[in-house]
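*Asks:* Just dropping this structure here.
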Amino acid sequence: MSITSVMQSILQYFTNLTGNLGWAIIIVTVLIRAILHPLQVSQVRVMEQMKALSPKQKEIEQKYKGQPQEQQQRLAELYRDNKVNPMGGCLPALIPLPILIVFFRVLQNKAFVDSFDAAKTSFLWLPSLNAPDLWILPILSAVTMWFSMSQTTAEQSQKAMTFMMPLIFGWFTRSMPSGAAVYWVSSNIVSILQHYVIQRQLAASKKGVS
C-alpha cells in the first residue's frame, strides 16, 4: 500500500466524520504537526544554542578569515565542545515538503475528489479543493511561509532566502490543487504557533533555572 493511498484513506475517514474535505485536511495537518512537535522543540533548542554561540562563531570566522579549512575545524570544535549539532534544526523544516507532495498527488486525483458530494469538496470561498486558487491561498502561502521562516532564520546571510522562498512558493501555489495549498497554509500557521509556545516554554524554564 502506497503512502498516497494511505493518505486517501485518512482523508476519506475525516471527511466522512466532519462532512467536509477542507476540514479533514486541516485536522490531518494539525495531527501531523503534533507528531512533529518533539522535532520542532529540538529545532528551537538548537536555534537558541546557535544564537548563544554566535559571538564566538563570528570571532572564529574573523580570526581565520583567509583559512577556510582551519575555520571549519575551529567551528566544528566549537559545536562539539558545546554539544550542538547545527544540522539538528533542519529536519523539522524539511519533513512538511514531502507531505505536501503527497497531498498534491491525492488532490490532483480527480476521481478521488469526485467520489465525494460537491458540498463536501467546496470549502469557504473555494468551489473545489481539486482546482487551484489563483490569489488568496498563494498570498496566504507566501505570508505564512515568510513569517515561519523569519522565526527560524537568524543568520543575516539567509535573510534574502527568507524573502525569495515564500515568493517562489506563493507563485507555485497558484498551480497546485487548492486542497494542497490549504494543507501548506495550515501547516505554516500551526508551526508559527508551536514555535511561539516553545520559545515561551524555554524562556520560562531558563528563568526557573536562574
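Every chain in the C-alpha cells has a letter given in the order shown (A, B, ...), and although residue numbers restart at 1 in each chain, ligands are simply numbered from 1 in the order shown.
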What's around A:Met149 at 9 Å? Count only C-alpha atoms, leave out sequence neighbours fewer than 6 positions away in its own chain, and write the answer as a list of chain:residue names.
*Replies:*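 So, after excluding close chain neighbours, the residues are A:Met161, A:Thr162, A:Phe163, A:Pro166.
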*Asks:* Write the selection just made, keeping N, CA and C atoms, as a compact mmCIF listing (two decimals), in the first residue's frame?
*Replies:*
```txt
# COMPACT_ATOMS: atom_id res chain seq x y z
N MET A 161 16.99 34.62 1.42
CA MET A 161 16.21 33.40 1.22
C MET A 161 14.85 33.50 1.90
N THR A 162 14.81 34.21 3.04
CA THR A 162 13.56 34.39 3.77
C THR A 162 12.53 35.13 2.95
N PHE A 163 12.98 36.00 2.04
CA PHE A 163 12.06 36.74 1.18
C PHE A 163 11.78 35.99 -0.14
N PRO A 166 9.40 32.32 0.10
CA PRO A 166 7.94 32.49 0.18
C PRO A 166 7.33 33.00 -1.14
```
*Asks:* Near A:Trp23, counting only C-alpha atoms, which residues have an atom at most 9 Å away, once you skip same-chain residues fewer than 5 positions from it, shown as a ChimeraX atom specification?
*Replies:* /A:14-15,18,28,123
*Asks:* Which distance in Å separates atom CA of A:Leu94 and atom CA of A:Ser2, to one decimal?
*Replies:* 20.5 Å
*Asks:* Quick check, in Å to one decimal: how far apart do atom CA of A:Val84 and atom CA of A:Ile35 lie?
*Replies:* 23.4 Å
*Asks:* Counting only C-alpha atoms, give me one row per residue of stretch 155-185 of chain A with an atom at most 9 Å from an atom of stretch 97-118 of chain A, showing the shortest contact pair and its distance in Å to one decimal, sorted by chain then residue number, as JSON lines.
*Replies:*
```
{"residue": "A:Met176", "atom": "CA", "partner": "A:Phe104", "partner_atom": "CA", "distance": 6.7}
{"residue": "A:Pro177", "atom": "CA", "partner": "A:Leu107", "partner_atom": "CA", "distance": 6.2}
{"residue": "A:Ser178", "atom": "CA", "partner": "A:Leu107", "partner_atom": "CA", "distance": 8.4}
{"residue": "A:Gly179", "atom": "CA", "partner": "A:Leu107", "partner_atom": "CA", "distance": 6.5}
{"residue": "A:Ala180", "atom": "CA", "partner": "A:Phe103", "partner_atom": "CA", "distance": 5.3}
{"residue": "A:Ala181", "atom": "CA", "partner": "A:Leu100", "partner_atom": "CA", "distance": 8.4}
{"residue": "A:Tyr183", "atom": "CA", "partner": "A:Leu100", "partner_atom": "CA", "distance": 7.3}
{"residue": "A:Trp184", "atom": "CA", "partner": "A:Leu100", "partner_atom": "CA", "distance": 6.8}
```
*Asks:* Write out the residues from the selection above, keeping N, CA and C atoms, as a PDB file, in the first residue's frame.
*Replies:*
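Here's the written file selection-v6.pdb:
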```pdb
ATOM      1  N   MET A 176      -1.115  24.480  -7.850  1.00  0.00           N
ATOM      2  CA  MET A 176      -1.411  23.230  -7.140  1.00  0.00           C
ATOM      3  C   MET A 176      -2.893  23.172  -6.764  1.00  0.00           C
ATOM      4  N   PRO A 177      -3.434  21.977  -6.548  1.00  0.00           N
ATOM      5  CA  PRO A 177      -4.816  21.889  -6.071  1.00  0.00           C
ATOM      6  C   PRO A 177      -4.974  22.703  -4.793  1.00  0.00           C
ATOM      7  N   SER A 178      -6.075  23.424  -4.679  1.00  0.00           N
ATOM      8  CA  SER A 178      -6.250  24.308  -3.528  1.00  0.00           C
ATOM      9  C   SER A 178      -6.257  23.535  -2.208  1.00  0.00           C
ATOM     10  N   GLY A 179      -6.637  22.259  -2.241  1.00  0.00           N
ATOM     11  CA  GLY A 179      -6.598  21.452  -1.022  1.00  0.00           C
ATOM     12  C   GLY A 179      -5.171  21.280  -0.507  1.00  0.00           C
ATOM     13  N   ALA A 180      -4.210  21.100  -1.433  1.00  0.00           N
ATOM     14  CA  ALA A 180      -2.804  21.010  -1.036  1.00  0.00           C
ATOM     15  C   ALA A 180      -2.333  22.343  -0.470  1.00  0.00           C
ATOM     16  N   ALA A 181      -2.816  23.436  -1.048  1.00  0.00           N
ATOM     17  CA  ALA A 181      -2.462  24.766  -0.544  1.00  0.00           C
ATOM     18  C   ALA A 181      -3.054  24.993   0.847  1.00  0.00           C
ATOM     19  N   TYR A 183      -3.467  22.674   3.051  1.00  0.00           N
ATOM     20  CA  TYR A 183      -2.538  21.962   3.935  1.00  0.00           C
ATOM     21  C   TYR A 183      -1.313  22.826   4.229  1.00  0.00           C
ATOM     22  N   TRP A 184      -0.713  23.414   3.198  1.00  0.00           N
ATOM     23  CA  TRP A 184       0.532  24.164   3.361  1.00  0.00           C
ATOM     24  C   TRP A 184       0.334  25.386   4.263  1.00  0.00           C
TER      25      TRP A 184
END
```
*Asks:* Pick out the closest residue to A:Pro127 from this set: A:Gly170, A:Met50, A:Leu21, A:Leu11. Count only C-alpha atoms.
*Replies:*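 Of A:Gly170, A:Met50, A:Leu21, A:Leu11, the one nearest A:Pro127 is A:Leu21, counting only C-alpha atoms.
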*Asks:* Just give me the gap between atom CA of A:Thr4 and atom CA of A:Ala34 in Å, one decimal is fine.
*Replies:*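 These two atoms are separated by 20.3 Å.
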*Asks:* Show which residues sit within 12 Å of A:Ala52, as a ChimeraX atom specification. Count only C-alpha atoms, and ignore same-chain residues fewer than 3 positions away.
*Replies:* /A:45-49,55-58,78-79,82,84,154
*Asks:* Could you find all residues in chain A that DSSP calls helix (DSSP H, G or I) from the backbone, and write them as number ranges by chain?
*Replies:* A: 3-18, 21-35, 37-63, 68-81, 86-89, 91-94, 96-108, 110-114, 118-121, 136-152, 156-173, 178-209
*Asks:* Just want the 9 Å neighbourhood of A:Gln194, counted on only C-alpha atoms, with same-chain residues fewer than 5 positions away dropped. Output as a list in words.
*Replies:*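 Within the cut-off, the hits are Arg33, His37, Gln40, Val41, Ile189 and Gln199 of chain A.
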*Asks:* Tell me which of A:Ser122, A:Ser148, A:Pro96, A:His195 sits closest to A:Ile32, counting only C-alpha atoms.
*Replies:* A:Pro96
